[in-house]
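Trainee: Before I ask anything, here is the structure I am working with.
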Amino acid sequence: MRMMNETSRMVLSAVALACALPLGLGEALAQERDVKIAVSIPAATHGWTGGVVYHAEQAEKEIEAAFPNIDVIVSTASSATAQVSSLEDLSATQKLAALVILPFTSEELTGPVEQVKSKGTFITVVDRGLTDPAIQDLYVAGDNIAVGANTARWLSDQLGGKGEIVVLRGIPTVIDDERIKGFSDVIAETDIKILDIQYANWNQDEAFTLMQDYLAKYPKIDAVWANDDDMLLGVIEAVDQAGREDIRFALGGNGMKQVIEMVKEGDARTPISTPYPPSMIKSAIYMTAGQFAGQAPMRGSFKLDAPLITPENADQFYFPDSPF
């Protein structure tokens, strides 16, 4: 993997500028070819995937408005099985120039995506990689290790390198493993003790229950890292209900708009966050469209940065109209 570099930023800018071209040019291109780009993503079953759906639909509107020769087909699925079925239907009924897919699971979607690839379709994979990376032409994802590591460095600085904390994990996945590794590797270099670390499945209600258990078990906790903003909201609710004032910091990640609002307002307990933006799907769709509309061929793997979100830069990560 390599960090998203200046070349990819230039491509995104070029395609964005192309979308501002006069509609007449798009109509002229429409006479030359008909390009279908399928976008297969999980349904809005929780906050982050709700954001994915929102940004995919925004990309669909913007690209189709600027380039009538490009048809962006957004398809959502509530399970891996449903996503496989949807993908098979799309491939059977449409001649796809490209597929942008955020797989529900890597294992179940690898074979079906390979079948689409065999028809000459350009493949862009987002976030959750396939078990065979050779299938993808383009891969766009966030930096999960940096999400954990950057949070841990900030927390260590604030605690003076010592203290007692608890951690909430997400769903057992590579994404969660990477976040925990990034966080734990930094904490291991300090005198901070992780009192407990358990799964709450990126779920607000489960995080609320787990945090209640932590609060009952540990009379003193300096900070909480929830790994994800959905879980963070459950943590904060539990802490507030218990009236615990020993917890100096409650931190999450992913850039949920409610949490960004806390950061913007200078919340003392949640003064920072880290982005793992669902808008990465929009970047991936634009980069894919660049193959056909912007004459900007892109290949390879691109990893988005995970800088700390602070009151000074929070506006850059704030999407008030997004569900996440």
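Labels for the structure tokens follow display order: chains A, B, ..., residues from 1 in each chain, ligands from 1.
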Neighbouring residues of Asn227 (chain A) were defined as those with any atom within 7 Å, considering only C-alpha atoms; residues of the same chain fewer than 6 positions away were excluded. Please report them as a list of chain:residue names.
Mentor: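 Near neighbours after the sequence-gap exclusion: A:Leu168, A:Arg169, A:Gly170, A:Gly252, A:Gly253.
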Trainee: Near region 77-92 of chain A, within 6 Å and counting only C-alpha atoms, which residues show up once chain neighbours fewer than 6 positions away are dropped, as a list of chain:residue names?
Mentor: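 So, after excluding close chain neighbours, the residues are A:Pro42, A:Ala43, A:Phe104.
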Trainee: Taking 6 positions as the minimum chain separation for residues in the same chain, which residues sit within 10 Å of Arg248 (chain A) when counting only C-alpha atoms? Answer as a list in words.
Mentor: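 Once the adjacent positions are removed, what remains is Gln158, Leu159, Ile221, Asp222, Ala223, Val224, Ala268, Arg269 and Thr270 of chain A.
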Trainee: State, in Å with one decimal place, the distance from CA of Tyr199 (chain A) to CA of Asp229 (chain A).
Mentor: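 Going from CA of Tyr199 (chain A) over to CA of Asp229 (chain A) covers 14.2 Å.
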Trainee: Show which residues sit within 9 Å of Ala306 (chain A), as a list in words. Count only C-alpha atoms, and ignore same-chain residues fewer than 3 positions away.
Mentor: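 Counting only the stated atoms, we get Gly142, Asp143, Asn144, Ile145, Ala146, Val147, Asn150, Thr274, Pro275, Tyr276 and Ile309 of chain A.
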Trainee: Would you list, as a ChimeraX atom specification, the residues of region 36-179 of chain A that end up in strand (DSSP E or B) under DSSP run on this structure's backbone?
Mentor: /A:36-42,70-77,98-101,122-126,138-142,162-169
Trainee: Using only C-alpha atoms, which protein or nucleic acid residues come within 9 Å of Tyr139 (chain A)? Drop anything in the same chain fewer than 3 positions from it, and give the result as a list in words.
Mentor: Ile123, Thr124, Val125, Val126, Asp127, Gly129, Pro133, Gln136, Ala284, Arg299, Gly300, Ser301, Phe302 and Lys303 of chain A
Trainee: Between A:Thr131, A:Gln291, A:Thr151, A:Thr93, which has the minimum distance to Val116 (chain A) (counting only C-alpha atoms)?
Mentor: A:Thr93
Trainee: May I have the residues within 12 Å of Gln316 (chain A) as a ChimeraX atom specification, using only C-alpha atoms and disregarding those fewer than 5 positions away in the same chain?
Mentor: /A:255,257,260-261,264,275,277,307-311
Trainee: Enumerate, as a PyMOL selection string, the complete set of residues in region 47-259 of chain A that a backbone-based DSSP assignment places in alpha helix (DSSP H).
Mentor: chain A and resi 47-66+80-93+106-117+144-159+174-187+204-217+229-242+257-259
Trainee: Write a file of the selected residues as a compact mmCIF listing (two decimals), in the first residue's frame, keeping C-alpha atoms.
Mentor:
```txt
# COMPACT_ATOMS: atom_id res chain seq x y z
CA GLY A 47 -24.08 5.04 10.72
CA TRP A 48 -20.95 4.47 8.68
CA THR A 49 -22.60 2.48 5.90
CA GLY A 50 -25.37 5.09 5.87
CA GLY A 51 -22.64 7.58 5.02
CA VAL A 52 -21.32 5.26 2.31
CA VAL A 53 -24.76 5.13 0.66
CA TYR A 54 -25.13 8.92 0.93
CA HIS A 55 -21.77 9.67 -0.73
CA ALA A 56 -22.26 7.02 -3.42
CA GLU A 57 -25.60 8.57 -4.37
CA GLN A 58 -24.02 12.04 -4.43
CA ALA A 59 -21.30 10.79 -6.79
CA GLU A 60 -23.95 9.17 -9.00
CA LYS A 61 -25.86 12.46 -9.37
CA GLU A 62 -22.77 14.59 -10.00
CA ILE A 63 -21.12 12.30 -12.55
CA GLU A 64 -24.32 11.62 -14.49
CA ALA A 65 -25.14 15.34 -14.59
CA ALA A 66 -21.76 16.17 -16.11
CA ALA A 80 -23.05 -10.82 1.78
CA THR A 81 -25.47 -13.30 0.20
CA ALA A 82 -27.70 -10.47 -1.03
CA GLN A 83 -24.66 -8.63 -2.42
CA VAL A 84 -23.56 -11.73 -4.36
CA SER A 85 -27.07 -12.11 -5.81
CA SER A 86 -27.25 -8.43 -6.73
CA LEU A 87 -23.84 -8.56 -8.37
CA GLU A 88 -24.81 -11.60 -10.43
CA ASP A 89 -27.97 -9.84 -11.61
CA LEU A 90 -26.07 -6.70 -12.58
CA SER A 91 -23.47 -8.65 -14.50
CA ALA A 92 -26.10 -10.70 -16.31
CA THR A 93 -28.32 -7.76 -17.33
CA SER A 106 -13.89 -10.60 1.51
CA GLU A 107 -14.29 -14.35 1.20
CA GLU A 108 -17.84 -14.52 -0.13
CA LEU A 109 -17.41 -11.74 -2.69
CA THR A 110 -14.02 -12.67 -4.17
CA GLY A 111 -15.37 -15.35 -6.53
CA PRO A 112 -18.33 -13.33 -7.84
CA VAL A 113 -16.13 -10.26 -8.43
CA GLU A 114 -13.63 -12.44 -10.28
CA GLN A 115 -16.45 -13.60 -12.55
CA VAL A 116 -17.31 -9.96 -13.34
CA LYS A 117 -13.62 -9.25 -13.98
CA ASN A 144 -6.68 1.73 10.00
CA ILE A 145 -3.30 1.36 11.68
CA ALA A 146 -2.90 5.14 11.61
CA VAL A 147 -6.41 5.58 13.05
CA GLY A 148 -5.29 3.66 16.13
CA ALA A 149 -1.71 4.92 16.30
CA ASN A 150 -2.51 8.63 15.90
CA THR A 151 -5.20 8.41 18.57
CA ALA A 152 -2.82 6.62 20.95
CA ARG A 153 -0.04 9.18 20.46
CA TRP A 154 -2.38 12.06 21.21
CA LEU A 155 -3.80 10.28 24.26
CA SER A 156 -0.33 9.43 25.58
CA ASP A 157 0.72 13.07 25.27
CA GLN A 158 -2.36 14.24 27.16
CA LEU A 159 -1.94 11.66 29.95
CA VAL A 174 -8.89 -7.21 9.61
CA ILE A 175 -10.03 -3.59 9.92
CA ASP A 176 -10.51 -3.93 13.68
CA ASP A 177 -7.27 -5.89 14.06
CA GLU A 178 -5.31 -3.12 12.34
CA ARG A 179 -6.85 -0.36 14.46
CA ILE A 180 -6.10 -2.27 17.66
CA LYS A 181 -2.54 -3.02 16.54
CA GLY A 182 -1.85 0.62 15.72
CA PHE A 183 -3.21 1.72 19.08
CA SER A 184 -1.66 -1.04 21.19
CA ASP A 185 1.82 -0.75 19.65
CA VAL A 186 2.00 2.92 20.64
CA ILE A 187 0.55 2.35 24.12
CA GLN A 204 -23.96 1.79 20.16
CA ASP A 205 -26.21 -0.33 22.40
CA GLU A 206 -23.60 -3.03 22.92
CA ALA A 207 -21.01 -0.36 23.71
CA PHE A 208 -23.35 1.17 26.30
CA THR A 209 -23.71 -2.22 28.02
CA LEU A 210 -20.00 -3.00 27.87
CA MET A 211 -19.09 0.42 29.25
CA GLN A 212 -21.51 -0.11 32.13
CA ASP A 213 -19.59 -3.31 32.92
CA TYR A 214 -16.26 -1.48 32.75
CA LEU A 215 -17.54 1.25 35.07
CA ALA A 216 -18.75 -1.30 37.62
CA LYS A 217 -15.50 -3.23 37.46
CA ASP A 229 -17.94 6.71 16.80
CA ASP A 230 -21.11 4.59 16.94
CA MET A 231 -19.64 2.87 19.99
CA LEU A 232 -18.39 6.17 21.39
CA LEU A 233 -21.94 7.49 21.70
CA GLY A 234 -22.87 4.44 23.78
CA VAL A 235 -19.79 4.95 25.95
CA ILE A 236 -20.61 8.59 26.61
CA GLU A 237 -24.20 7.74 27.53
CA ALA A 238 -23.03 5.13 30.05
CA VAL A 239 -20.44 7.47 31.58
CA ASP A 240 -22.95 10.29 31.91
CA GLN A 241 -25.57 8.05 33.49
CA ALA A 242 -23.02 6.81 36.02
CA LYS A 257 -20.91 14.24 12.24
CA GLN A 258 -22.21 14.26 15.85
CA VAL A 259 -18.65 13.65 17.07
```
Trainee: Using only C-alpha atoms for the distances, tell me which of A:Ala289, A:Ala44, A:Met262, A:Glu312 is nearest to Asp71 (chain A).
Mentor: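 Selected residue with least distance to Asp71 (chain A): A:Ala289.
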